[in-house]
Each structure stands twice: as structure tokens, then as C-alpha cells.
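Beneath this line is the structure, given in C-alpha cells, with notes to follow.
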Amino acid sequence: MNKAAEERDLIERSRLGDRQAFARLVQQTARLVYARVALDVPDKHRAEDITQEVFLTAWRSIGRLQDAQALRAWLLAIAASKVADDVRRAGRIKRDATVVEATENVAAPAGDPAAEIENHDQRERALEALRGLPEEYRQPLTLRYLAGADYDTIGKQLALSNGALRGLLHRGLVLLRKRLSE
């Protein structure tokens with residue numbers, strides 16, 4: 001059975017309530033979804049939580065997925081919606097969190113604050129530069145360097161040959177370095 005036929009079968013079985021079939025779909029797409037969420041959500045733990053929310057929503061509404069070939073696009077649309085919800089929720093919570101932040105800062109573990117600030121600033125600059133790249137470079141770079149996916153996994157997720165993937169990663173890194181040096 002080829003990859004597309006296997007995926008259609010897994011989707012159909014998931015629609016019928018087969019949790020193991022859905023778990024296989026999650027295994028095949030989790031890195032893609034996490035990588036997309038991590039671009040917009042700098043907190044790793046929050047990005048992981050949102051990714052779980054995406055798959056919970058997908059499980060509940062798998063019956064609405066009409067075209068099996070649109071699985072990844074459908075999941076990414078759910079992810080975008082969940083990220084937007086998180087941003088709205090964070091905006092509401094942030095207004096009430098001033099006291100909590102002040103107490104967290106007092107109880108923070110001792111470390112080199114200057115180094116922590118520098119690392120945070122560098123990460124934010126890199127993520128901002130990555131967000132500004134064209135999608136064809138942003139997705140492979142995010143999967144490789146934020147989600148830690150290997151070349152085979154990325155190639156399968158994005159339907160790219162190994163050579164095409166390596167070319168996109170190389171050109172994307174060159175463009176990213178250029179933007180970071182500006």
C-alpha cells in the first residue's frame with residue numbers, strides 16, 4: 001500500500017473511532033504541526049500544549065475532513081486558529097499578571113542575567129528573521145532546526161526529494177544569515 005493510500009485508510013479508520021489509526025496520523029504529522037506552532041509561539045512548553053490542542057480538535061472533528069490529501073493543510077489551519085486563540089487569551093491574561101510576574105522574578109533561580117537576556121534576544125531575532133522568510137524556506141528550516149526532524153521525515157512531510165530539501169535548507173540558511181546580519 002502506498003503512502004497516500006495508507007493515509008486515506010488511517011483517516012477513514014479514524015473517522016470510525018479507531019484511536020490507533022489516529023495515533024499513526026499524529027506520528028506522521030506532529031513535527032510539521034509543532035514546527036508551525038513554534039514559529040508563532042516562542043515558549044516551547046506552550047507550543048507543545050497548543051500542538052496537543054490541535055490534535056485534540058482534529059480528533060473531535062476528523063469527520064469534517066473531506067479530502068485525505070488535504071490532511072496537512074487542514075491540521076495547519078487548525079494550528080493557526082489555536083495560535084490565534086492563544087494570543088487573544090494571553091492578551092487577556094497579561095493585563096492581570098503583573099503581580100504574578102513580579103513574584104516570579106523574585107523567585108527566579110540564580111544565573112547570569114546578562115547571558116539569559118542575550119540568549120533570549122538572539123532567539124527572538126532569529127525567530128523574527130525566520131518568520132520573514134518565504135514559506136518555501138521557512139517550513140523546512142523550522143522542521144529541521146526547531147522541531148529537530150531528520151531529512152527523511154521532512155522530505156515525507158513536505159513531499160520533497162532529498163536533493164530538493166537540501167537545496168532549500170542551504171538557500172534558506174543563506175537567506176536567514178543575510179537577514180540576521182542586517
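Labeling convention for the C-alpha cells: chains A, B, ... as they appear, residues from 1 per chain, ligands from 1 in order of appearance.
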With a distance cut-off of 10 Å and only C-alpha atoms, select the neighbouring residues of Glu12 in chain A, excluding the residue or stretch itself and same-chain residues fewer than 4 positions from it, and output the selection as a list in words. Glu6, Glu7, Arg8, Leu16, Gly17, Asp18, Ala21, Phe22, Ile62, Gly63, Leu65 and Ala68 of chain A
Preceding selection exported with C-alpha atoms as a PDB file, in the first residue's frame:
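The new file part-v1.pdb reads:
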```
ATOM      1  CA  GLU A   6      -2.247   4.261   3.778  1.00  0.00           C
ATOM      2  CA  GLU A   7      -3.053   7.803   4.907  1.00  0.00           C
ATOM      3  CA  ARG A   8      -6.563   7.635   3.391  1.00  0.00           C
ATOM      4  CA  LEU A  16     -14.869   5.377  12.632  1.00  0.00           C
ATOM      5  CA  GLY A  17     -13.287   5.959  16.050  1.00  0.00           C
ATOM      6  CA  ASP A  18     -10.059   3.943  15.705  1.00  0.00           C
ATOM      7  CA  ALA A  21      -5.195   4.825  13.401  1.00  0.00           C
ATOM      8  CA  PHE A  22      -5.399   8.420  14.576  1.00  0.00           C
ATOM      9  CA  ILE A  62     -11.922  14.285  11.772  1.00  0.00           C
ATOM     10  CA  GLY A  63     -15.316  13.563  10.212  1.00  0.00           C
ATOM     11  CA  LEU A  65     -12.094  16.348   6.682  1.00  0.00           C
ATOM     12  CA  ALA A  68      -7.489  12.959   2.645  1.00  0.00           C
TER      13      ALA A  68
END
```
Could you give me the residues within range 1-141 of chain A that DSSP places in helix (DSSP H, G or I), as a PyMOL selection string? chain A and resi 3-15+19-40+44-60+62-64+68-96+98-106+113-131+135-141
Show which residues sit within 12 Å of Ala38 in chain A, as a PyMOL selection string. Count only C-alpha atoms, and ignore same-chain residues fewer than 5 positions away. chain A and resi 30-33+43-51+79-80+83+124+127-128+130-131+138-139+141-143+145-148
Applying 12 Å and only C-alpha atoms, which residues near Ser81 in chain A remain after dropping the ones on its own chain fewer than 4 positions away? List them as a PyMOL selection string. chain A and resi 36-37+40+50-51+53-54+57-58+74-77+85-88
Output of the above residues as an mmCIF file, in the first residue's frame, restricted to C-alpha atoms:
```cif
data_model
loop_
_atom_site.group_PDB
_atom_site.id
_atom_site.type_symbol
_atom_site.label_atom_id
_atom_site.label_comp_id
_atom_site.auth_asym_id
_atom_site.auth_seq_id
_atom_site.Cartn_x
_atom_site.Cartn_y
_atom_site.Cartn_z
ATOM 1 C CA ARG A 36 4.414 25.659 12.534
ATOM 2 C CA VAL A 37 3.167 26.475 16.033
ATOM 3 C CA ASP A 40 4.483 31.878 16.371
ATOM 4 C CA ILE A 50 -1.037 24.137 21.558
ATOM 5 C CA THR A 51 0.134 21.254 19.357
ATOM 6 C CA GLU A 53 -4.819 21.085 21.410
ATOM 7 C CA VAL A 54 -4.562 20.939 17.612
ATOM 8 C CA THR A 57 -9.522 19.294 17.943
ATOM 9 C CA ALA A 58 -8.574 17.216 14.901
ATOM 10 C CA TRP A 74 -6.316 21.088 7.495
ATOM 11 C CA LEU A 75 -4.082 20.474 10.519
ATOM 12 C CA LEU A 76 -2.093 23.649 9.820
ATOM 13 C CA ALA A 77 -5.340 25.640 9.592
ATOM 14 C CA ASP A 85 -6.829 31.833 20.288
ATOM 15 C CA ASP A 86 -3.713 31.592 22.455
ATOM 16 C CA VAL A 87 -2.615 35.123 21.506
ATOM 17 C CA ARG A 88 -6.052 36.503 22.402
#
```
Report as a PyMOL selection string all protein, DNA and RNA residues lying within 12 Å of Arg166 in chain A, evaluated on only C-alpha atoms, omitting residues in the same chain fewer than 5 positions from it. chain A and resi 137+140-141+144+150-152+154-155+160-161+171-173
Just the number, please: distance in Å from CA of Arg179 in chain A to CA of Gly132 in chain A, one decimal. 8.9 Å
Can you work out the spacing between CA of Ser181 in chain A and CA of Ala126 in chain A in Å, to one decimal? 10.4 Å
Counting only C-alpha atoms, figure out which residue out of A:Ala115, A:Ala35, A:Ala23, A:Ala129 gets nearest to Val174 in chain A. A:Ala129
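Rounded to one decimal, CA of Ser61 in chain A and CA of Leu39 in chain A lie 24.5 Å from each other.
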Shortest interatomic distance to Leu180 in chain A - which of A:Arg123, A:Arg24, A:Lys156, A:Arg64, counting only C-alpha atoms: A:Arg123
